[in-house]
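Remarks on the structure that follows.
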Amino acid sequence: MKLLLDVHIPAATADALRRRQPGLDVQHLAKWKHGDLLEAEDADVLAGCAKRDAFG
Amino acid sequence: MSKTYVMTVRLPKDLGLGVKHYSAQTGHKPAKVGTLAVDEFLRRRTFPLIDFRESAMGRVAYVKGTRLAVYWLTDAVKRLRGNIKKAAEIWELSPEKISAALHYAEAYPQEIKAMQDRAEANRALLEKAEAALAKAKALGESQADSRPKPKTSR
């Protein structure tokens, strides 16, 4: 399972989760895709997640 | 005294067709679309750090340049007991943007309350659905456990 944290969740949460559960694939929207979707609408974020290589 | 103010406007053709198209898309009458447009224009002028987005709940006020809805941020700041500085750190926003959201919420309390109530109702519905799903899953597992196990031959 891969997690993408939205901007409502503090960015530091992603690092905290990785420390707690090494190997967990978790990213924050602020850094995911170089922050390109930081201001995007929900539909665009979901479409980005649905792509096969979404998490690289 | 009447609660409405009648005003006739002449629009450039393209703009008029745009209103007609949006009207057909949303199901609102063109006059309603015009009212919404003027209202939003005036709100944007008053609150330049606030933006509006289309959502399942209709047009929703957002903090400009972010994915944070004003109703959500207002509630979040309230949970931080109004500590704007802390909120600014957590969500990496300028204190001005947070203040703008709070001012907007102050100016339109009914709108914000309606959004928060709706979000709360959605959350409650989701929790109910999750509980029902967990219950169904547990029931399925207990039924699977109580079934006689097939004998394995060596």
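Within each chain, counting starts at residue 1; across the structure tokens, chains are named A, B, ... in the order shown, with ligands numbered 1 upward in that order.
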
Given only C-alpha atoms, how would the per-residue table for chain A near chain B read, listing every residue at most 8 Å away with its closest atom pair and distance in Å to one decimal, sorted by chain and number, as a tab-separated table?
residue	atom	partner	partner_atom	distance
A:Val7	CA	B:Arg67	CA	6.8
A:His8	CA	B:Leu68	CA	6.9
A:Ile9	CA	B:Trp91	CA	7.6
A:Pro10	CA	B:Ile90	CA	5.6
A:Ala11	CA	B:Trp91	CA	7.9
A:Leu38	CA	B:Thr66	CA	6.6
A:Glu39	CA	B:Thr66	CA	4.7
A:Ala40	CA	B:Arg67	CA	6.8
A:Glu41	CA	B:Arg67	CA	7.2

According to DSSP computed on the backbone, where in chain A is there helix (DSSP H, G or I)? Give the residues as a tab-separated table (two decimals) with N, CA and C atoms, in the first residue's frame.
chain	number	residue	atom	x	y	z
A	12	ALA	N	5.55	16.97	8.18
A	12	ALA	CA	6.44	16.21	9.08
A	12	ALA	C	5.88	14.82	9.40
A	13	THR	N	4.60	14.64	9.20
A	13	THR	CA	3.96	13.35	9.48
A	13	THR	C	4.54	12.24	8.60
A	14	ALA	N	4.88	12.60	7.35
A	14	ALA	CA	5.43	11.59	6.43
A	14	ALA	C	6.74	11.03	6.98
A	15	ASP	N	7.62	11.90	7.45
A	15	ASP	CA	8.91	11.45	8.02
A	15	ASP	C	8.67	10.63	9.28
A	16	ALA	N	7.73	11.09	10.11
A	16	ALA	CA	7.44	10.37	11.36
A	16	ALA	C	6.93	8.96	11.06
A	17	LEU	N	6.09	8.84	10.03
A	17	LEU	CA	5.55	7.52	9.67
A	17	LEU	C	6.66	6.60	9.16
A	18	ARG	N	7.58	7.17	8.37
A	18	ARG	CA	8.70	6.37	7.84
A	18	ARG	C	9.60	5.87	8.96
A	19	ARG	N	9.80	6.73	9.97
A	19	ARG	CA	10.63	6.33	11.11
A	19	ARG	C	9.96	5.20	11.88
A	20	ARG	N	8.65	5.33	12.03
A	20	ARG	CA	7.89	4.35	12.81
A	20	ARG	C	7.76	3.03	12.06
A	32	TRP	N	5.58	15.39	-3.41
A	32	TRP	CA	5.23	14.45	-4.47
A	32	TRP	C	5.16	15.19	-5.81
A	33	LYS	N	5.79	14.62	-6.81
A	33	LYS	CA	5.85	15.25	-8.15
A	33	LYS	C	6.36	16.69	-8.05
A	34	HIS	N	7.36	16.87	-7.22
A	34	HIS	CA	8.00	18.18	-7.02
A	34	HIS	C	7.00	19.26	-6.57
A	35	GLY	N	5.94	18.84	-5.92
A	35	GLY	CA	4.96	19.81	-5.41
A	35	GLY	C	4.06	20.42	-6.48
A	42	ASP	N	-9.04	18.35	-6.30
A	42	ASP	CA	-9.08	16.95	-5.87
A	42	ASP	C	-9.01	15.98	-7.06
A	43	ALA	N	-9.80	16.30	-8.09
A	43	ALA	CA	-9.87	15.38	-9.24
A	43	ALA	C	-8.49	15.19	-9.88
A	44	ASP	N	-7.70	16.26	-9.93
A	44	ASP	CA	-6.37	16.15	-10.54
A	44	ASP	C	-5.42	15.33	-9.67
A	45	VAL	N	-5.55	15.48	-8.36
A	45	VAL	CA	-4.70	14.70	-7.45
A	45	VAL	C	-5.06	13.21	-7.57
A	46	LEU	N	-6.35	12.93	-7.60
A	46	LEU	CA	-6.79	11.53	-7.71
A	46	LEU	C	-6.37	10.92	-9.04
A	47	ALA	N	-6.46	11.73	-10.09
A	47	ALA	CA	-6.04	11.23	-11.41
A	47	ALA	C	-4.54	10.94	-11.40
A	48	GLY	N	-3.78	11.78	-10.73
A	48	GLY	CA	-2.33	11.57	-10.62
A	48	GLY	C	-2.02	10.29	-9.86
A	49	CYS	N	-2.79	10.01	-8.80
A	49	CYS	CA	-2.58	8.79	-8.01
A	49	CYS	C	-2.92	7.54	-8.82
A	50	ALA	N	-3.90	7.68	-9.71
A	50	ALA	CA	-4.38	6.51	-10.44
A	50	ALA	C	-3.40	6.04	-11.51

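One distance worth recording is that between CA of Asn122 in chain B and CA of Gln27 in chain A, which is 25.5 Å.
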
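Proximity of B:Ala129, B:Ala121, B:Ala61, B:Ala134 to Ala105 in chain B, computed with only C-alpha atoms, is greatest for B:Ala61.
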
>> What parts of chain B does DSSP call strand (DSSP E or B)? I'd like the answer as a ChimeraX atom specification.
In response: /B:50-55,58-63,69

> CA of Leu133 in chain B and CA of Gly58 in chain B are how many Å apart?
Replying inline: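 Atom-to-atom, CA of Leu133 in chain B to CA of Gly58 in chain B, that is 29.5 Å.
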